[in-house]
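Enquirer: Got a structure here, written out as structure tokens. Questions coming.
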Number of protein chains: 2
Amino acid sequence: MSIATAKDTRDTERGSRRLILDHAARLLRNGGYHRATLREIAEAVGIRKASLYYHFASKEEIVEEVVNDGVRFVHEAVVAALAETEGAAPRERLEAAIHAHLAALHGHGDYTSASIKVFTFGAGPVPESVRAVRRAYEDVWRGLIAELQQAGALPAERAPDALRNFLLGALNGSTDWYRPERFRIDALAREFSELLSPAR
Amino acid sequence: MSIATAKDTRDTERGSRRLILDHAARLLRNGGYHRATLREIAEAVGIRKASLYYHFASKEEIVEEVVNDGVRFVHEAVVAALAETEGAAPRERLEAAIHAHLAALHGHGDYTSASIKVFTFGAGPVPESVRAVRRAYEDVWRGLIAELQQAGALPAERAPDALRNFLLGALNGSTDWYRPERFRIDALAREFSELLSPAR
DNA sequence: ATCTGACTACCTACCGGACGGTAGGTGAAT
DNA sequence: ATTCACCTACCGTCCGGTAGGTAGTCAGAT
């Protein structure tokens, strides 16, 4: 551990960054871009508002990082689920992907749900990085849907774009009604996947 | 013209209210509760901000009316579509209801899409009237889904609550991706209804 | 062993502007 | 004379962001 001291410094730095992002994610999830204020975030972290500017250049930079983190987390979870079920029955892969998406959405702090709530930024357009990260994740589903249609697990005569928008909209909409005490994620994943791709 | 003048006055009054609500709906749709400001609304209407308080008691009152109008409009559209297809094949009724929902969502000014965007109010809880209007509309779908499951047009083994949340989430999510030049509502309604209830 | 200077991770104090809302006035119509 | 449908002017509060200071850490020079 020769680099220990350097690492400690950077860990501390990252610790503060992470703490700020954690609270920002929670506030963004609960109120969206315009309701989440730097004052609230700073107060939750336990520092003064101006100190946020030591770690970030602007509010938008904080939001951007939260949103991208959230999407990337779901992305990686779904990719991992698909890798684990490689070669399995198509319906199983669909269920695994839906399960991974829902689990990431409702299990990863508030990042992922914040990233859904905050699809509109304050001033000007959505940053390019956010659009890119989103698109990359959508591509995973584009690929999966094509695969499932080819395998006959999803009806080939359905328009893939409509299918993807429909499914992702339904899954992301769960942030509005999902309550852990009322639903179980594995049960929901099974419900949804069998609805789209019934066992015959 | 004794009645006519009185009518004119009331028409004018309603005209102003309606104009305010129209612009409020547009701004709420585009930015949600916290981004839509009374100054912007007033400026769009062409009056001073303080004059809004002649017609409404508070910002929340304006938002409440927009949101309820929006939900009620979809509600009535779907109920009408179901009345028109009474006795028809279950799959046809499902498609008619989905079509009515989508058409109302993307065709009725900005009220309905605003009501989806604004599910969180500024301070305190969502007004009771809003919750009631929402619940009433959900009940329409509760009834339709029960009917379709009984008729075998939707799989009876799917949990009705999950089914309803899934479908309404998918339909409402269309506000994020629907563009009139890229999709046709009747095509989407057919896609979605056949996806859930395929012709065999 | 001690001083120095850079760097880190905050702080206090303040800025101009926008927010929702209020007070009180005004001209036209009834 | 009263009511309607607006107006101007203003309130206190909060917004994101900036300026500039400071205690603590630590490497390297003296």
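Residue numbers start at 1 in each chain; chains themselves are named A, B, ... in the order of the structure tokens; ligands are numbered from 1 in the order shown.
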Hey, could you lay chain A over chain B with a least-squares C-alpha fit (all atoms, paired in order) and save it as a PDB file with C-alpha atoms, in the first residue's frame?

Expert:
```pdb
ATOM      1  CA  MET A   1     -81.764  35.524 -25.313  1.00  0.00           C
ATOM      2  CA  SER A   2     -83.078  37.512 -22.399  1.00  0.00           C
ATOM      3  CA  ILE A   3     -80.110  36.472 -20.309  1.00  0.00           C
ATOM      4  CA  ALA A   4     -77.712  37.589 -23.021  1.00  0.00           C
ATOM      5  CA  THR A   5     -76.040  40.372 -21.088  1.00  0.00           C
ATOM      6  CA  ALA A   6     -75.518  38.329 -17.987  1.00  0.00           C
ATOM      7  CA  LYS A   7     -74.221  35.523 -20.128  1.00  0.00           C
ATOM      8  CA  ASP A   8     -71.825  37.816 -21.988  1.00  0.00           C
ATOM      9  CA  THR A   9     -70.322  39.011 -18.760  1.00  0.00           C
ATOM     10  CA  ARG A  10     -69.819  35.494 -17.583  1.00  0.00           C
ATOM     11  CA  ASP A  11     -68.471  34.437 -20.945  1.00  0.00           C
ATOM     12  CA  THR A  12     -65.852  37.157 -20.776  1.00  0.00           C
ATOM     13  CA  GLU A  13     -64.953  36.109 -17.318  1.00  0.00           C
ATOM     14  CA  ARG A  14     -64.708  32.515 -18.364  1.00  0.00           C
ATOM     15  CA  GLY A  15     -62.702  33.553 -21.395  1.00  0.00           C
ATOM     16  CA  SER A  16     -59.987  35.009 -19.208  1.00  0.00           C
ATOM     17  CA  ARG A  17     -60.040  32.073 -16.886  1.00  0.00           C
ATOM     18  CA  ARG A  18     -59.778  29.722 -19.818  1.00  0.00           C
ATOM     19  CA  LEU A  19     -56.932  31.683 -21.362  1.00  0.00           C
ATOM     20  CA  ILE A  20     -54.997  31.575 -18.117  1.00  0.00           C
ATOM     21  CA  LEU A  21     -55.602  27.859 -17.770  1.00  0.00           C
ATOM     22  CA  ASP A  22     -54.558  27.250 -21.372  1.00  0.00           C
ATOM     23  CA  HIS A  23     -51.193  28.874 -20.911  1.00  0.00           C
ATOM     24  CA  ALA A  24     -50.750  27.374 -17.468  1.00  0.00           C
ATOM     25  CA  ALA A  25     -51.357  23.945 -18.960  1.00  0.00           C
ATOM     26  CA  ARG A  26     -48.733  24.491 -21.621  1.00  0.00           C
ATOM     27  CA  LEU A  27     -46.134  25.685 -19.135  1.00  0.00           C
ATOM     28  CA  LEU A  28     -46.940  22.953 -16.652  1.00  0.00           C
ATOM     29  CA  ARG A  29     -46.599  20.358 -19.356  1.00  0.00           C
ATOM     30  CA  ASN A  30     -43.230  21.698 -20.424  1.00  0.00           C
ATOM     31  CA  GLY A  31     -41.675  22.173 -17.027  1.00  0.00           C
ATOM     32  CA  GLY A  32     -43.771  20.762 -14.236  1.00  0.00           C
ATOM     33  CA  TYR A  33     -45.059  22.494 -11.138  1.00  0.00           C
ATOM     34  CA  HIS A  34     -41.907  24.203  -9.993  1.00  0.00           C
ATOM     35  CA  ARG A  35     -40.755  25.493 -13.329  1.00  0.00           C
ATOM     36  CA  ALA A  36     -44.093  26.952 -14.345  1.00  0.00           C
ATOM     37  CA  THR A  37     -44.193  30.383 -12.706  1.00  0.00           C
ATOM     38  CA  LEU A  38     -47.053  32.804 -12.334  1.00  0.00           C
ATOM     39  CA  ARG A  39     -44.967  35.452 -14.044  1.00  0.00           C
ATOM     40  CA  GLU A  40     -44.558  33.331 -17.152  1.00  0.00           C
ATOM     41  CA  ILE A  41     -48.215  32.431 -17.191  1.00  0.00           C
ATOM     42  CA  ALA A  42     -49.296  36.055 -16.824  1.00  0.00           C
ATOM     43  CA  GLU A  43     -46.880  37.208 -19.496  1.00  0.00           C
ATOM     44  CA  ALA A  44     -48.124  34.564 -21.907  1.00  0.00           C
ATOM     45  CA  VAL A  45     -51.712  35.629 -21.281  1.00  0.00           C
ATOM     46  CA  GLY A  46     -50.778  39.276 -21.676  1.00  0.00           C
ATOM     47  CA  ILE A  47     -51.731  40.565 -18.215  1.00  0.00           C
ATOM     48  CA  ARG A  48     -49.813  41.415 -15.070  1.00  0.00           C
ATOM     49  CA  LYS A  49     -49.064  38.707 -12.587  1.00  0.00           C
ATOM     50  CA  ALA A  50     -51.188  40.265  -9.845  1.00  0.00           C
ATOM     51  CA  SER A  51     -54.246  40.082 -12.098  1.00  0.00           C
ATOM     52  CA  LEU A  52     -54.147  36.313 -11.918  1.00  0.00           C
ATOM     53  CA  TYR A  53     -55.322  36.678  -8.348  1.00  0.00           C
ATOM     54  CA  TYR A  54     -58.557  38.182  -9.511  1.00  0.00           C
ATOM     55  CA  HIS A  55     -59.426  34.877 -11.154  1.00  0.00           C
ATOM     56  CA  PHE A  56     -57.653  32.431  -8.862  1.00  0.00           C
ATOM     57  CA  ALA A  57     -56.770  32.414  -5.192  1.00  0.00           C
ATOM     58  CA  SER A  58     -53.345  30.836  -5.565  1.00  0.00           C
ATOM     59  CA  LYS A  59     -50.977  29.036  -7.883  1.00  0.00           C
ATOM     60  CA  GLU A  60     -52.143  25.729  -6.503  1.00  0.00           C
ATOM     61  CA  GLU A  61     -55.704  26.532  -7.458  1.00  0.00           C
ATOM     62  CA  ILE A  62     -54.668  27.109 -11.072  1.00  0.00           C
ATOM     63  CA  VAL A  63     -52.674  23.906 -11.168  1.00  0.00           C
ATOM     64  CA  GLU A  64     -55.447  21.951  -9.534  1.00  0.00           C
ATOM     65  CA  GLU A  65     -57.934  23.065 -12.156  1.00  0.00           C
ATOM     66  CA  VAL A  66     -55.608  22.266 -15.047  1.00  0.00           C
ATOM     67  CA  VAL A  67     -54.827  18.833 -13.711  1.00  0.00           C
ATOM     68  CA  ASN A  68     -58.436  17.929 -12.990  1.00  0.00           C
ATOM     69  CA  ASP A  69     -59.575  19.206 -16.373  1.00  0.00           C
ATOM     70  CA  GLY A  70     -56.951  17.050 -18.021  1.00  0.00           C
ATOM     71  CA  VAL A  71     -57.883  13.865 -16.235  1.00  0.00           C
ATOM     72  CA  ARG A  72     -61.595  14.462 -16.668  1.00  0.00           C
ATOM     73  CA  PHE A  73     -61.130  14.918 -20.391  1.00  0.00           C
ATOM     74  CA  VAL A  74     -59.422  11.537 -20.780  1.00  0.00           C
ATOM     75  CA  HIS A  75     -61.981   9.997 -18.487  1.00  0.00           C
ATOM     76  CA  GLU A  76     -64.876  11.201 -20.593  1.00  0.00           C
ATOM     77  CA  ALA A  77     -63.181  10.243 -23.836  1.00  0.00           C
ATOM     78  CA  VAL A  78     -62.615   6.678 -22.683  1.00  0.00           C
ATOM     79  CA  VAL A  79     -66.118   6.338 -21.252  1.00  0.00           C
ATOM     80  CA  ALA A  80     -67.544   7.575 -24.569  1.00  0.00           C
ATOM     81  CA  ALA A  81     -65.414   5.112 -26.515  1.00  0.00           C
ATOM     82  CA  LEU A  82     -66.613   2.269 -24.332  1.00  0.00           C
ATOM     83  CA  ALA A  83     -70.225   3.353 -24.728  1.00  0.00           C
ATOM     84  CA  GLU A  84     -69.861   3.387 -28.502  1.00  0.00           C
ATOM     85  CA  THR A  85     -68.422  -0.105 -28.590  1.00  0.00           C
ATOM     86  CA  GLU A  86     -70.866  -1.598 -26.136  1.00  0.00           C
ATOM     87  CA  GLY A  87     -71.576  -5.154 -27.129  1.00  0.00           C
ATOM     88  CA  ALA A  88     -68.641  -5.291 -29.522  1.00  0.00           C
ATOM     89  CA  ALA A  89     -65.869  -7.852 -29.272  1.00  0.00           C
ATOM     90  CA  PRO A  90     -63.767  -7.398 -26.110  1.00  0.00           C
ATOM     91  CA  ARG A  91     -60.579  -6.862 -28.084  1.00  0.00           C
ATOM     92  CA  GLU A  92     -62.293  -4.084 -29.986  1.00  0.00           C
ATOM     93  CA  ARG A  93     -63.340  -2.403 -26.779  1.00  0.00           C
ATOM     94  CA  LEU A  94     -59.792  -2.571 -25.440  1.00  0.00           C
ATOM     95  CA  GLU A  95     -58.444  -1.009 -28.606  1.00  0.00           C
ATOM     96  CA  ALA A  96     -61.111   1.701 -28.503  1.00  0.00           C
ATOM     97  CA  ALA A  97     -60.274   2.560 -24.902  1.00  0.00           C
ATOM     98  CA  ILE A  98     -56.537   2.674 -25.575  1.00  0.00           C
ATOM     99  CA  HIS A  99     -57.150   4.780 -28.654  1.00  0.00           C
ATOM    100  CA  ALA A 100     -59.321   7.219 -26.737  1.00  0.00           C
ATOM    101  CA  HIS A 101     -56.752   7.532 -23.979  1.00  0.00           C
ATOM    102  CA  LEU A 102     -53.887   8.196 -26.384  1.00  0.00           C
ATOM    103  CA  ALA A 103     -55.925  10.580 -28.522  1.00  0.00           C
ATOM    104  CA  ALA A 104     -57.002  12.602 -25.495  1.00  0.00           C
ATOM    105  CA  LEU A 105     -53.472  12.598 -24.145  1.00  0.00           C
ATOM    106  CA  HIS A 106     -51.928  14.011 -27.290  1.00  0.00           C
ATOM    107  CA  GLY A 107     -54.811  15.933 -28.735  1.00  0.00           C
ATOM    108  CA  HIS A 108     -56.408  18.001 -25.974  1.00  0.00           C
ATOM    109  CA  GLY A 109     -54.286  21.126 -25.777  1.00  0.00           C
ATOM    110  CA  ASP A 110     -51.799  20.489 -23.016  1.00  0.00           C
ATOM    111  CA  TYR A 111     -54.160  19.737 -20.183  1.00  0.00           C
ATOM    112  CA  THR A 112     -53.869  15.997 -20.146  1.00  0.00           C
ATOM    113  CA  SER A 113     -50.126  15.832 -20.594  1.00  0.00           C
ATOM    114  CA  ALA A 114     -49.766  18.514 -17.940  1.00  0.00           C
ATOM    115  CA  SER A 115     -51.831  16.422 -15.563  1.00  0.00           C
ATOM    116  CA  ILE A 116     -49.406  13.550 -16.019  1.00  0.00           C
ATOM    117  CA  LYS A 117     -46.331  15.686 -15.580  1.00  0.00           C
ATOM    118  CA  VAL A 118     -47.727  17.317 -12.457  1.00  0.00           C
ATOM    119  CA  PHE A 119     -48.465  14.475 -10.116  1.00  0.00           C
ATOM    120  CA  THR A 120     -46.447  16.186  -7.399  1.00  0.00           C
ATOM    121  CA  PHE A 121     -47.667  19.477  -6.032  1.00  0.00           C
ATOM    122  CA  GLY A 122     -45.519  22.163  -4.551  1.00  0.00           C
ATOM    123  CA  ALA A 123     -46.094  22.288  -0.852  1.00  0.00           C
ATOM    124  CA  GLY A 124     -47.997  19.756   1.162  1.00  0.00           C
ATOM    125  CA  PRO A 125     -49.989  16.896  -0.248  1.00  0.00           C
ATOM    126  CA  VAL A 126     -51.879  16.544  -3.514  1.00  0.00           C
ATOM    127  CA  PRO A 127     -55.339  18.110  -3.124  1.00  0.00           C
ATOM    128  CA  GLU A 128     -58.142  15.722  -2.355  1.00  0.00           C
ATOM    129  CA  SER A 129     -60.092  16.714  -5.466  1.00  0.00           C
ATOM    130  CA  VAL A 130     -57.164  15.660  -7.643  1.00  0.00           C
ATOM    131  CA  ARG A 131     -56.904  12.314  -5.942  1.00  0.00           C
ATOM    132  CA  ALA A 132     -60.632  11.784  -6.327  1.00  0.00           C
ATOM    133  CA  VAL A 133     -60.666  12.623 -10.024  1.00  0.00           C
ATOM    134  CA  ARG A 134     -57.727  10.302 -10.618  1.00  0.00           C
ATOM    135  CA  ARG A 135     -59.312   7.480  -8.716  1.00  0.00           C
ATOM    136  CA  ALA A 136     -62.535   7.849 -10.649  1.00  0.00           C
ATOM    137  CA  TYR A 137     -60.657   7.451 -13.892  1.00  0.00           C
ATOM    138  CA  GLU A 138     -58.703   4.466 -12.649  1.00  0.00           C
ATOM    139  CA  ASP A 139     -61.996   2.837 -11.783  1.00  0.00           C
ATOM    140  CA  VAL A 140     -62.999   2.902 -15.417  1.00  0.00           C
ATOM    141  CA  TRP A 141     -59.974   0.808 -16.248  1.00  0.00           C
ATOM    142  CA  ARG A 142     -60.518  -1.430 -13.253  1.00  0.00           C
ATOM    143  CA  GLY A 143     -63.936  -2.197 -14.628  1.00  0.00           C
ATOM    144  CA  LEU A 144     -62.767  -2.698 -18.185  1.00  0.00           C
ATOM    145  CA  ILE A 145     -59.940  -5.000 -17.187  1.00  0.00           C
ATOM    146  CA  ALA A 146     -62.260  -7.120 -15.074  1.00  0.00           C
ATOM    147  CA  GLU A 147     -64.647  -7.359 -18.001  1.00  0.00           C
ATOM    148  CA  LEU A 148     -61.885  -8.344 -20.421  1.00  0.00           C
ATOM    149  CA  GLN A 149     -60.436 -10.923 -18.082  1.00  0.00           C
ATOM    150  CA  GLN A 150     -63.854 -12.451 -17.603  1.00  0.00           C
ATOM    151  CA  ALA A 151     -64.374 -12.542 -21.361  1.00  0.00           C
ATOM    152  CA  GLY A 152     -60.984 -14.164 -21.870  1.00  0.00           C
ATOM    153  CA  ALA A 153     -59.585 -11.259 -23.882  1.00  0.00           C
ATOM    154  CA  LEU A 154     -56.981 -10.722 -21.213  1.00  0.00           C
ATOM    155  CA  PRO A 155     -55.374 -13.608 -19.336  1.00  0.00           C
ATOM    156  CA  ALA A 156     -57.410 -14.213 -16.185  1.00  0.00           C
ATOM    157  CA  GLU A 157     -54.356 -15.394 -14.283  1.00  0.00           C
ATOM    158  CA  ARG A 158     -52.704 -11.944 -14.404  1.00  0.00           C
ATOM    159  CA  ALA A 159     -53.109  -9.771 -11.308  1.00  0.00           C
ATOM    160  CA  PRO A 160     -55.582  -7.007 -12.264  1.00  0.00           C
ATOM    161  CA  ASP A 161     -53.724  -4.329 -10.295  1.00  0.00           C
ATOM    162  CA  ALA A 162     -50.424  -5.084 -11.945  1.00  0.00           C
ATOM    163  CA  LEU A 163     -52.118  -5.230 -15.314  1.00  0.00           C
ATOM    164  CA  ARG A 164     -53.755  -1.837 -14.877  1.00  0.00           C
ATOM    165  CA  ASN A 165     -50.634  -0.145 -13.567  1.00  0.00           C
ATOM    166  CA  PHE A 166     -48.600  -1.666 -16.345  1.00  0.00           C
ATOM    167  CA  LEU A 167     -50.953  -0.560 -19.083  1.00  0.00           C
ATOM    168  CA  LEU A 168     -51.660   2.950 -17.807  1.00  0.00           C
ATOM    169  CA  GLY A 169     -47.970   3.464 -17.148  1.00  0.00           C
ATOM    170  CA  ALA A 170     -47.150   2.441 -20.682  1.00  0.00           C
ATOM    171  CA  LEU A 171     -49.809   4.706 -22.160  1.00  0.00           C
ATOM    172  CA  ASN A 172     -48.889   7.722 -20.040  1.00  0.00           C
ATOM    173  CA  GLY A 173     -45.214   7.145 -20.716  1.00  0.00           C
ATOM    174  CA  SER A 174     -45.996   7.965 -24.325  1.00  0.00           C
ATOM    175  CA  THR A 175     -45.769  11.650 -23.387  1.00  0.00           C
ATOM    176  CA  ASP A 176     -42.017  11.083 -23.254  1.00  0.00           C
ATOM    177  CA  TRP A 177     -41.565   9.598 -26.700  1.00  0.00           C
ATOM    178  CA  TYR A 178     -44.656  10.230 -28.805  1.00  0.00           C
ATOM    179  CA  ARG A 179     -44.113  12.593 -31.744  1.00  0.00           C
ATOM    180  CA  PRO A 180     -46.995  13.069 -34.162  1.00  0.00           C
ATOM    181  CA  GLU A 181     -44.658  12.914 -37.149  1.00  0.00           C
ATOM    182  CA  ARG A 182     -43.172   9.603 -36.057  1.00  0.00           C
ATOM    183  CA  PHE A 183     -46.203   7.665 -34.853  1.00  0.00           C
ATOM    184  CA  ARG A 184     -49.867   7.390 -35.667  1.00  0.00           C
ATOM    185  CA  ILE A 185     -52.210   7.080 -32.743  1.00  0.00           C
ATOM    186  CA  ASP A 186     -54.520   4.559 -34.356  1.00  0.00           C
ATOM    187  CA  ALA A 187     -51.530   2.408 -35.285  1.00  0.00           C
ATOM    188  CA  LEU A 188     -50.202   2.590 -31.731  1.00  0.00           C
ATOM    189  CA  ALA A 189     -53.580   1.725 -30.261  1.00  0.00           C
ATOM    190  CA  ARG A 190     -53.734  -1.326 -32.516  1.00  0.00           C
ATOM    191  CA  GLU A 191     -50.168  -2.333 -31.684  1.00  0.00           C
ATOM    192  CA  PHE A 192     -50.758  -2.120 -27.968  1.00  0.00           C
ATOM    193  CA  SER A 193     -54.140  -3.762 -27.841  1.00  0.00           C
ATOM    194  CA  GLU A 194     -53.033  -6.652 -30.021  1.00  0.00           C
ATOM    195  CA  LEU A 195     -49.908  -7.047 -27.954  1.00  0.00           C
ATOM    196  CA  LEU A 196     -52.003  -7.518 -24.830  1.00  0.00           C
ATOM    197  CA  SER A 197     -54.872  -9.336 -26.451  1.00  0.00           C
ATOM    198  CA  PRO A 198     -53.636 -11.061 -29.604  1.00  0.00           C
ATOM    199  CA  ALA A 199     -56.034 -12.277 -32.235  1.00  0.00           C
ATOM    200  CA  ARG A 200     -55.654 -16.002 -32.328  1.00  0.00           C
TER     201      ARG A 200
END
```

Enquirer: Compile the residues of chain D that lie within 10 Å of chain A, evaluated using only C-alpha atoms (C1' of nucleotides), and express the compilation as a list in words.

Expert: DC14, DC15, DG16, DG17 and DT18 of chain D

Enquirer: I'd like the interatomic distance between C1' of DA19 in chain D and C1' of DC11 in chain C, to a tenth of an Å.

Expert: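 Calculated distance between C1' of DA19 in chain D and C1' of DC11 in chain C is 12.3 Å.
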
Enquirer: For the alpha helix (DSSP H) assignment from backbone DSSP, which residues of range 72-116 of chain B qualify? Please present them as an MDAnalysis selection string.

Expert: chainID B and resid 72:84 90:107 111:116

Enquirer: Residues of chain C were defined as contacting chain B if any atom lay at most 9 Å from it, counting only C-alpha atoms (C1' of nucleotides); please report them as a list of chain:residue names.

Expert: C:DC19, C:DG20, C:DG21, C:DT22

Enquirer: Just all heavy atoms for this one: save the residues we selected as an mmCIF file, in the first residue's frame.

Expert:
```cif
data_model
loop_
_atom_site.group_PDB
_atom_site.id
_atom_site.type_symbol
_atom_site.label_atom_id
_atom_site.label_comp_id
_atom_site.auth_asym_id
_atom_site.auth_seq_id
_atom_site.Cartn_x
_atom_site.Cartn_y
_atom_site.Cartn_z
ATOM 1 P P DC C 19 -39.853 33.655 -12.130
ATOM 2 O OP1 DC C 19 -40.049 32.468 -12.969
ATOM 3 O OP2 DC C 19 -40.404 34.967 -12.533
ATOM 4 O "O5'" DC C 19 -40.361 33.330 -10.661
ATOM 5 C "C5'" DC C 19 -39.842 32.193 -9.981
ATOM 6 C "C4'" DC C 19 -40.337 32.166 -8.549
ATOM 7 O "O4'" DC C 19 -39.648 33.177 -7.779
ATOM 8 C "C3'" DC C 19 -41.807 32.522 -8.398
ATOM 9 O "O3'" DC C 19 -42.580 31.348 -8.604
ATOM 10 C "C2'" DC C 19 -41.863 32.992 -6.943
ATOM 11 C "C1'" DC C 19 -40.468 33.573 -6.705
ATOM 12 N N1 DC C 19 -40.388 35.065 -6.627
ATOM 13 C C2 DC C 19 -40.519 35.704 -5.394
ATOM 14 O O2 DC C 19 -40.732 35.015 -4.386
ATOM 15 N N3 DC C 19 -40.420 37.057 -5.328
ATOM 16 C C4 DC C 19 -40.196 37.749 -6.452
ATOM 17 N N4 DC C 19 -40.089 39.077 -6.351
ATOM 18 C C5 DC C 19 -40.065 37.116 -7.729
ATOM 19 C C6 DC C 19 -40.175 35.783 -7.765
ATOM 20 P P DG C 20 -44.121 31.484 -9.006
ATOM 21 O OP1 DG C 20 -44.544 30.167 -9.495
ATOM 22 O OP2 DG C 20 -44.266 32.672 -9.860
ATOM 23 O "O5'" DG C 20 -44.790 31.782 -7.599
ATOM 24 C "C5'" DG C 20 -44.752 30.796 -6.582
ATOM 25 C "C4'" DG C 20 -45.377 31.339 -5.321
ATOM 26 O "O4'" DG C 20 -44.704 32.564 -4.958
ATOM 27 C "C3'" DG C 20 -46.866 31.682 -5.446
ATOM 28 O "O3'" DG C 20 -47.529 31.312 -4.249
ATOM 29 C "C2'" DG C 20 -46.852 33.184 -5.674
ATOM 30 C "C1'" DG C 20 -45.639 33.627 -4.859
ATOM 31 N N9 DG C 20 -45.008 34.838 -5.395
ATOM 32 C C8 DG C 20 -44.655 35.062 -6.704
ATOM 33 N N7 DG C 20 -44.128 36.241 -6.897
ATOM 34 C C5 DG C 20 -44.122 36.826 -5.640
ATOM 35 C C6 DG C 20 -43.666 38.105 -5.217
ATOM 36 O O6 DG C 20 -43.171 39.008 -5.916
ATOM 37 N N1 DG C 20 -43.841 38.305 -3.856
ATOM 38 C C2 DG C 20 -44.391 37.371 -2.996
ATOM 39 N N2 DG C 20 -44.489 37.727 -1.713
ATOM 40 N N3 DG C 20 -44.819 36.177 -3.371
ATOM 41 C C4 DG C 20 -44.651 35.969 -4.699
ATOM 42 P P DG C 21 -49.151 31.589 -4.102
ATOM 43 O OP1 DG C 21 -49.668 30.665 -3.092
ATOM 44 O OP2 DG C 21 -49.752 31.625 -5.443
ATOM 45 O "O5'" DG C 21 -49.206 33.062 -3.476
ATOM 46 C "C5'" DG C 21 -48.509 33.307 -2.264
ATOM 47 C "C4'" DG C 21 -48.651 34.765 -1.879
ATOM 48 O "O4'" DG C 21 -47.830 35.577 -2.738
ATOM 49 C "C3'" DG C 21 -50.080 35.334 -1.986
ATOM 50 O "O3'" DG C 21 -50.494 35.761 -0.697
ATOM 51 C "C2'" DG C 21 -49.954 36.458 -2.990
ATOM 52 C "C1'" DG C 21 -48.472 36.812 -2.904
ATOM 53 N N9 DG C 21 -47.956 37.462 -4.116
ATOM 54 C C8 DG C 21 -47.903 36.948 -5.388
ATOM 55 N N7 DG C 21 -47.386 37.764 -6.264
ATOM 56 C C5 DG C 21 -47.083 38.907 -5.520
ATOM 57 C C6 DG C 21 -46.507 40.137 -5.928
ATOM 58 O O6 DG C 21 -46.143 40.473 -7.055
ATOM 59 N N1 DG C 21 -46.373 41.012 -4.853
ATOM 60 C C2 DG C 21 -46.749 40.752 -3.565
ATOM 61 N N2 DG C 21 -46.547 41.723 -2.682
ATOM 62 N N3 DG C 21 -47.288 39.600 -3.175
ATOM 63 C C4 DG C 21 -47.426 38.733 -4.197
ATOM 64 P P DT C 22 -51.931 36.451 -0.469
ATOM 65 O OP1 DT C 22 -52.393 36.023 0.857
ATOM 66 O OP2 DT C 22 -52.782 36.258 -1.665
ATOM 67 O "O5'" DT C 22 -51.570 37.998 -0.371
ATOM 68 C "C5'" DT C 22 -50.518 38.400 0.494
ATOM 69 C "C4'" DT C 22 -50.471 39.923 0.569
ATOM 70 O "O4'" DT C 22 -49.849 40.448 -0.638
ATOM 71 C "C3'" DT C 22 -51.843 40.595 0.679
ATOM 72 O "O3'" DT C 22 -51.764 41.584 1.692
ATOM 73 C "C2'" DT C 22 -52.069 41.181 -0.722
ATOM 74 C "C1'" DT C 22 -50.642 41.496 -1.156
ATOM 75 N N1 DT C 22 -50.401 41.507 -2.628
ATOM 76 C C2 DT C 22 -49.815 42.604 -3.203
ATOM 77 O O2 DT C 22 -49.479 43.579 -2.573
ATOM 78 N N3 DT C 22 -49.627 42.509 -4.555
ATOM 79 C C4 DT C 22 -49.960 41.452 -5.386
ATOM 80 O O4 DT C 22 -49.742 41.488 -6.593
ATOM 81 C C5 DT C 22 -50.583 40.330 -4.728
ATOM 82 C C7 DT C 22 -50.987 39.141 -5.523
ATOM 83 C C6 DT C 22 -50.770 40.406 -3.386
#
```
